[in-house]
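Peer 1: Handing you this structure, nothing more for now.
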Protein chains: 2
Amino acid sequence: MKLVFLGSGGSWPSKERNLSSVALKMNGEIILFDCAEGTQRQLFQSSLNFMHVDKILISHFHGDHFLGIPGLIQSMYLNDRTKPLHIFGPKGTTKIVGGILTLGYFSPTFEILTQDLNDGDEVSFEEYTLKVRTADHDIPALAYCIEEHQRKGKFHPEKALALGIEEGPLFRKLQNGHSVQVGDRIVKPEDVMGKPRKGRKIVYSGDTRPSKTIEDLAKNCDVLVHDATLSDDLEEKAKKYGHSSAAQAANIAKRSKAKVLFLTHISPRYDDAQLLEDEAKKIFKYSFVAADFLEYEIKLP
Amino acid sequence: MKLVFLGSGGSWPSKERNLSSVALKMNGEIILFDCAEGTQRQLFQSSLNFMHVDKILISHFHGDHFLGIPGLIQSMYLNDRTKPLHIFGPKGTTKIVGGILTLGYFSPTFEILTQDLNDGDEVSFEEYTLKVRTADHDIPALAYCIEEHQRKGKFHPEKALALGIEEGPLFRKLQNGHSVQVGDRIVKPEDVMGKPRKGRKIVYSGDTRPSKTIEDLAKNCDVLVHDATLSDDLEEKAKKYGHSSAAQAANIAKRSKAKVLFLTHISPRYDDAQLLEDEAKKIFKYSFVAADFLEYEIKLP
């Protein structure tokens, strides 16, 4: 499972940063948090395959977060996509995406499934749950949490071998949660497997002022990707426009006990965003400024 | 006056090429031929100032030619633009641009003036005329010609000095087309200036099959920027989808007596487009494959 930052800038693009999009790659599927203009090109320039994007989660409908949708859909169409694409977002998503699909001369040959989400919604998928909370921005905006389902414990082959089970089909049976018989003895999965393991948890704030709601959503997460548009000296400006400073993002990470914080939606005013990272690190050691094409492997606990 | 290629690829972007957009910079104003997704980022990465874009000429409404409009407008708005932006295109332009402007939460604070153009239209501006012809594509599509007005002849200071005129206000008077009196003698502008000079002429084909109409439009042009999506062996495919091969573009350039040809809308199938340039050069020596950020100075004749 890895995060790939496709665009780490806010408002308008710069030489160094495209606008908001972060890809989460898990088991062959790619989930995009936001999809700004130019995201498809960033995908082409990254290690990812744009055809594997199955879900797009839009935080809100400011242009620097969603204008990459029509181009991405068109390129998927030109590359013969057949499987559906899911687009989730706040109130208005279905209407806005509907509008996007009528622009120009184009109708996709695969299904575009849209869903408007509300505060508190949880959408369960095969391997994870999407949890949704309201962000504190100046238009309807959401923060997202992807939480993997609890995973099986680790299989200990040496324990199985010690119990007289040979490597092969019986190993797999145990791994899949079934007991097996060896001679007179019944061996249960728990005899050869560790305790069930917590799934990984990734939280994306979208554009937001510091928010207790997002702090709660991010509780004990493995990665928090948080708005850090401005430096501390511009906290008032950040507040006015519905954003956070680097220090505010770090405080959320600290209080939520996140493992790692990535600062994103960096204002184009910063040619060098090291300042933001420095400010955040004073509060929360594991703070990093996101950069376009930065990849972060989210290890199993 | 210079051309700056902002996107030289067709259909979907690649690592090397963004999608269609070519900027013409003249006297502080920038005219964009097409404005694909990502054009604003390309502008930021080029030598040009995106705030100086005053006109956008859309060839047709396939996604790889116009989806950069909303993001560009939004960034102009965020950077406090007040002067109007003109958008020209084929039938449907006003409606489509109107649709673009209602996407998401955004209304520009400057005027967006749109105009639907038809085959044969000529729009005259202070320093040039925009000439419009139909291209041969599979949806309504236009080719554009920017033709500078005839320019005054060259001023020869040595001739003026020989006639007893001193450098200063009288020089400017003559340069501005007025006669001046020196002693008993009337000196006319034509006594000290060369013949009026032809303006420069730039032609942009947009997506098109080879077309006699465009060949005529490009007659004696200084630069022809022409669709050359595919190589010669794929001419049938090019025809089917409304495009030209490199050789077909070169034939148009040759017959129209263009000075220089730039091949553009290069298919993403070509990692190296040298093949296309080689094919074109066999027919028309001054053929070049466009590359993103390539700049071409269009000298005065």
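Here, A, B, ... name the chains of the structure tokens in the order displayed, residue numbers run from 1 inside each chain, and ligands are numbered from 1 in the same displayed order.
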Give me every alpha helix (DSSP H) residue in range 29-198 of chain A, going by DSSP on the backbone, as a ChimeraX atom specification.

Peer 2: /A:39-45,63-66,69-78,93-100,157-162,169-175,189-192

Peer 1: Given the selection you just returned, output its residues as a file containing C-alpha atoms, formatted as a PDB file, in the first residue's frame.

Peer 2:
ATOM      1  CA  THR A  39      -3.739  14.950 -12.646  1.00  0.00           C
ATOM      2  CA  GLN A  40      -3.792  12.597 -15.640  1.00  0.00           C
ATOM      3  CA  ARG A  41      -0.465  13.989 -16.841  1.00  0.00           C
ATOM      4  CA  GLN A  42       0.978  13.596 -13.335  1.00  0.00           C
ATOM      5  CA  LEU A  43      -0.222   9.980 -13.367  1.00  0.00           C
ATOM      6  CA  PHE A  44       1.573   9.431 -16.685  1.00  0.00           C
ATOM      7  CA  GLN A  45       4.714  10.879 -15.148  1.00  0.00           C
ATOM      8  CA  GLY A  63     -11.298  24.337  -9.308  1.00  0.00           C
ATOM      9  CA  ASP A  64      -7.930  23.336  -7.894  1.00  0.00           C
ATOM     10  CA  HIS A  65      -9.446  20.059  -6.643  1.00  0.00           C
ATOM     11  CA  PHE A  66     -11.639  18.634  -9.403  1.00  0.00           C
ATOM     12  CA  ILE A  69     -11.932  14.777 -13.879  1.00  0.00           C
ATOM     13  CA  PRO A  70     -13.105  15.304 -17.496  1.00  0.00           C
ATOM     14  CA  GLY A  71      -9.654  14.830 -19.052  1.00  0.00           C
ATOM     15  CA  LEU A  72      -8.953  11.707 -17.011  1.00  0.00           C
ATOM     16  CA  ILE A  73     -12.303  10.207 -18.008  1.00  0.00           C
ATOM     17  CA  GLN A  74     -11.688  11.030 -21.661  1.00  0.00           C
ATOM     18  CA  SER A  75      -8.257   9.399 -21.653  1.00  0.00           C
ATOM     19  CA  MET A  76      -9.690   6.294 -19.963  1.00  0.00           C
ATOM     20  CA  TYR A  77     -12.296   6.172 -22.726  1.00  0.00           C
ATOM     21  CA  LEU A  78      -9.644   6.552 -25.453  1.00  0.00           C
ATOM     22  CA  THR A  93     -21.255  15.936  -6.711  1.00  0.00           C
ATOM     23  CA  THR A  94     -23.724  14.088  -8.915  1.00  0.00           C
ATOM     24  CA  LYS A  95     -24.961  17.333 -10.448  1.00  0.00           C
ATOM     25  CA  ILE A  96     -21.503  18.806 -11.024  1.00  0.00           C
ATOM     26  CA  VAL A  97     -20.050  15.609 -12.485  1.00  0.00           C
ATOM     27  CA  GLY A  98     -23.136  15.367 -14.675  1.00  0.00           C
ATOM     28  CA  GLY A  99     -22.365  18.864 -15.945  1.00  0.00           C
ATOM     29  CA  ILE A 100     -18.743  17.948 -16.610  1.00  0.00           C
ATOM     30  CA  PRO A 157       4.857 -21.847   9.449  1.00  0.00           C
ATOM     31  CA  GLU A 158       7.331 -23.082  12.092  1.00  0.00           C
ATOM     32  CA  LYS A 159       4.461 -23.678  14.523  1.00  0.00           C
ATOM     33  CA  ALA A 160       2.503 -25.619  11.903  1.00  0.00           C
ATOM     34  CA  LEU A 161       5.525 -27.710  10.989  1.00  0.00           C
ATOM     35  CA  ALA A 162       6.157 -28.428  14.688  1.00  0.00           C
ATOM     36  CA  PRO A 169      -2.887 -27.338   0.997  1.00  0.00           C
ATOM     37  CA  LEU A 170      -3.234 -27.653   4.816  1.00  0.00           C
ATOM     38  CA  PHE A 171      -1.205 -24.476   5.293  1.00  0.00           C
ATOM     39  CA  ARG A 172      -3.609 -22.596   3.082  1.00  0.00           C
ATOM     40  CA  LYS A 173      -6.631 -24.092   4.848  1.00  0.00           C
ATOM     41  CA  LEU A 174      -5.351 -22.816   8.196  1.00  0.00           C
ATOM     42  CA  GLN A 175      -4.464 -19.422   6.698  1.00  0.00           C
ATOM     43  CA  PRO A 189      -6.028 -21.513  12.953  1.00  0.00           C
ATOM     44  CA  GLU A 190      -5.294 -19.719  16.224  1.00  0.00           C
ATOM     45  CA  ASP A 191      -2.743 -22.438  17.101  1.00  0.00           C
ATOM     46  CA  VAL A 192      -0.510 -21.370  14.235  1.00  0.00           C
TER      47      VAL A 192
END

Peer 1: May I have the residues within 9 Å of range 17-21 of chain B as a ChimeraX atom specification, using only C-alpha atoms and disregarding those fewer than 6 positions away in the same chain?

Peer 2: /A:41 /B:4-11,32-39,42,64-66,206,264-266,268,291-292

Peer 1: Could you dump the residues just selected with N, CA and C atoms as a PDB file, in the first residue's frame?

Peer 2:
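Generated file (selection30.pdb):
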ATOM      1  N   ARG A  41      -1.867  13.853 -16.411  1.00  0.00           N
ATOM      2  CA  ARG A  41      -0.465  13.989 -16.841  1.00  0.00           C
ATOM      3  C   ARG A  41       0.475  13.578 -15.717  1.00  0.00           C
TER       4      ARG A  41
ATOM      5  N   VAL B   4       5.285  29.950 -28.829  1.00  0.00           N
ATOM      6  CA  VAL B   4       5.773  29.078 -27.760  1.00  0.00           C
ATOM      7  C   VAL B   4       4.838  27.867 -27.703  1.00  0.00           C
ATOM      8  N   PHE B   5       5.405  26.706 -27.966  1.00  0.00           N
ATOM      9  CA  PHE B   5       4.596  25.490 -27.926  1.00  0.00           C
ATOM     10  C   PHE B   5       4.422  25.058 -26.478  1.00  0.00           C
ATOM     11  N   LEU B   6       3.160  25.019 -26.038  1.00  0.00           N
ATOM     12  CA  LEU B   6       2.876  24.665 -24.649  1.00  0.00           C
ATOM     13  C   LEU B   6       2.463  23.206 -24.526  1.00  0.00           C
ATOM     14  N   GLY B   7       1.922  22.672 -25.607  1.00  0.00           N
ATOM     15  CA  GLY B   7       1.508  21.273 -25.613  1.00  0.00           C
ATOM     16  C   GLY B   7       1.493  20.774 -27.038  1.00  0.00           C
ATOM     17  N   SER B   8       2.269  19.740 -27.315  1.00  0.00           N
ATOM     18  CA  SER B   8       2.441  19.294 -28.697  1.00  0.00           C
ATOM     19  C   SER B   8       1.926  17.876 -28.922  1.00  0.00           C
ATOM     20  N   GLY B   9       1.241  17.330 -27.916  1.00  0.00           N
ATOM     21  CA  GLY B   9       0.735  15.962 -28.045  1.00  0.00           C
ATOM     22  C   GLY B   9      -0.744  15.929 -28.366  1.00  0.00           C
ATOM     23  N   GLY B  10      -1.210  14.788 -28.846  1.00  0.00           N
ATOM     24  CA  GLY B  10      -2.620  14.614 -29.163  1.00  0.00           C
ATOM     25  C   GLY B  10      -3.235  13.518 -28.313  1.00  0.00           C
ATOM     26  N   SER B  11      -4.551  13.551 -28.162  1.00  0.00           N
ATOM     27  CA  SER B  11      -5.371  12.517 -27.515  1.00  0.00           C
ATOM     28  C   SER B  11      -5.184  12.452 -26.003  1.00  0.00           C
ATOM     29  N   LEU B  32      -3.682  32.392 -27.445  1.00  0.00           N
ATOM     30  CA  LEU B  32      -3.515  30.935 -27.364  1.00  0.00           C
ATOM     31  C   LEU B  32      -4.297  30.258 -28.476  1.00  0.00           C
ATOM     32  N   PHE B  33      -3.613  29.424 -29.251  1.00  0.00           N
ATOM     33  CA  PHE B  33      -4.323  28.510 -30.145  1.00  0.00           C
ATOM     34  C   PHE B  33      -4.590  27.247 -29.327  1.00  0.00           C
ATOM     35  N   ASP B  34      -5.821  27.007 -28.979  1.00  0.00           N
ATOM     36  CA  ASP B  34      -6.249  25.896 -28.125  1.00  0.00           C
ATOM     37  C   ASP B  34      -5.703  26.036 -26.703  1.00  0.00           C
ATOM     38  N   CYS B  35      -6.373  25.347 -25.816  1.00  0.00           N
ATOM     39  CA  CYS B  35      -6.053  25.498 -24.388  1.00  0.00           C
ATOM     40  C   CYS B  35      -6.432  24.199 -23.679  1.00  0.00           C
ATOM     41  N   ALA B  36      -5.598  23.188 -23.897  1.00  0.00           N
ATOM     42  CA  ALA B  36      -5.882  21.870 -23.314  1.00  0.00           C
ATOM     43  C   ALA B  36      -5.686  21.889 -21.810  1.00  0.00           C
ATOM     44  N   GLU B  37      -6.185  20.851 -21.158  1.00  0.00           N
ATOM     45  CA  GLU B  37      -5.924  20.659 -19.730  1.00  0.00           C
ATOM     46  C   GLU B  37      -4.417  20.798 -19.465  1.00  0.00           C
ATOM     47  N   GLY B  38      -4.078  21.508 -18.429  1.00  0.00           N
ATOM     48  CA  GLY B  38      -2.673  21.644 -18.042  1.00  0.00           C
ATOM     49  C   GLY B  38      -1.969  22.823 -18.681  1.00  0.00           C
ATOM     50  N   THR B  39      -2.689  23.577 -19.533  1.00  0.00           N
ATOM     51  CA  THR B  39      -2.043  24.692 -20.227  1.00  0.00           C
ATOM     52  C   THR B  39      -1.548  25.747 -19.239  1.00  0.00           C
ATOM     53  N   GLN B  42       1.709  24.710 -17.917  1.00  0.00           N
ATOM     54  CA  GLN B  42       2.741  24.862 -18.947  1.00  0.00           C
ATOM     55  C   GLN B  42       3.146  26.335 -19.066  1.00  0.00           C
ATOM     56  N   ASP B  64      -9.015  17.262 -25.553  1.00  0.00           N
ATOM     57  CA  ASP B  64      -7.571  17.544 -25.566  1.00  0.00           C
ATOM     58  C   ASP B  64      -7.251  18.912 -26.185  1.00  0.00           C
ATOM     59  N   HIS B  65      -8.296  19.731 -26.389  1.00  0.00           N
ATOM     60  CA  HIS B  65      -8.060  21.066 -26.956  1.00  0.00           C
ATOM     61  C   HIS B  65      -8.641  22.216 -26.127  1.00  0.00           C
ATOM     62  N   PHE B  66      -9.493  21.909 -25.141  1.00  0.00           N
ATOM     63  CA  PHE B  66     -10.145  23.043 -24.452  1.00  0.00           C
ATOM     64  C   PHE B  66     -10.284  22.906 -22.938  1.00  0.00           C
ATOM     65  N   GLY B 206      -5.257  23.280 -36.324  1.00  0.00           N
ATOM     66  CA  GLY B 206      -6.075  22.439 -35.435  1.00  0.00           C
ATOM     67  C   GLY B 206      -6.058  21.013 -35.943  1.00  0.00           C
ATOM     68  N   THR B 264       2.544  19.088 -35.200  1.00  0.00           N
ATOM     69  CA  THR B 264       2.074  19.013 -33.816  1.00  0.00           C
ATOM     70  C   THR B 264       0.929  18.022 -33.684  1.00  0.00           C
ATOM     71  N   HIS B 265       0.362  17.928 -32.438  1.00  0.00           N
ATOM     72  CA  HIS B 265      -0.668  16.939 -32.114  1.00  0.00           C
ATOM     73  C   HIS B 265      -0.123  15.526 -32.338  1.00  0.00           C
ATOM     74  N   ILE B 266       1.119  15.355 -31.887  1.00  0.00           N
ATOM     75  CA  ILE B 266       1.836  14.083 -32.065  1.00  0.00           C
ATOM     76  C   ILE B 266       1.185  12.991 -31.205  1.00  0.00           C
ATOM     77  N   PRO B 268       0.546   9.925 -28.785  1.00  0.00           N
ATOM     78  CA  PRO B 268       1.365   9.428 -27.663  1.00  0.00           C
ATOM     79  C   PRO B 268       2.045   8.098 -27.979  1.00  0.00           C
ATOM     80  N   ALA B 291       7.969  20.644 -29.930  1.00  0.00           N
ATOM     81  CA  ALA B 291       8.230  20.040 -28.620  1.00  0.00           C
ATOM     82  C   ALA B 291       7.696  21.017 -27.581  1.00  0.00           C
ATOM     83  N   ASP B 292       7.279  20.511 -26.448  1.00  0.00           N
ATOM     84  CA  ASP B 292       6.773  21.404 -25.402  1.00  0.00           C
ATOM     85  C   ASP B 292       7.888  22.364 -24.985  1.00  0.00           C
TER      86      ASP B 292
END

Peer 1: Based on the backbone DSSP call, show me all residues of range 81-214 of chain A assigned strand (DSSP E or B), as a PyMOL selection string.

Peer 2: chain A and resi 85-89+112-116+122-124+128-134+142-148+151+155+180-182+185-187+193+197+201-204

Peer 1: Pick out the closest residue to Lys201 in chain A from this set: A:Phe106, A:Phe262, A:Phe284, A:Tyr144. Count only C-alpha atoms.

Peer 2: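 Once distances to Lys201 in chain A are computed over only C-alpha atoms, the minimum belongs to A:Tyr144.
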
Peer 1: If we count only C-alpha atoms and set the cut-off at 8 Å, which residues sit around Arg133 in chain B, ignoring sequence neighbours fewer than 4 positions away in its own chain? Please answer as a count of residues only.

Peer 2: 10

Peer 1: Near Val225 in chain A, within 7 Å and counting only C-alpha atoms, which residues show up once chain neighbours fewer than 3 positions away are dropped, as a PyMOL selection string?

Peer 2: chain A and resi 203-205+261-264
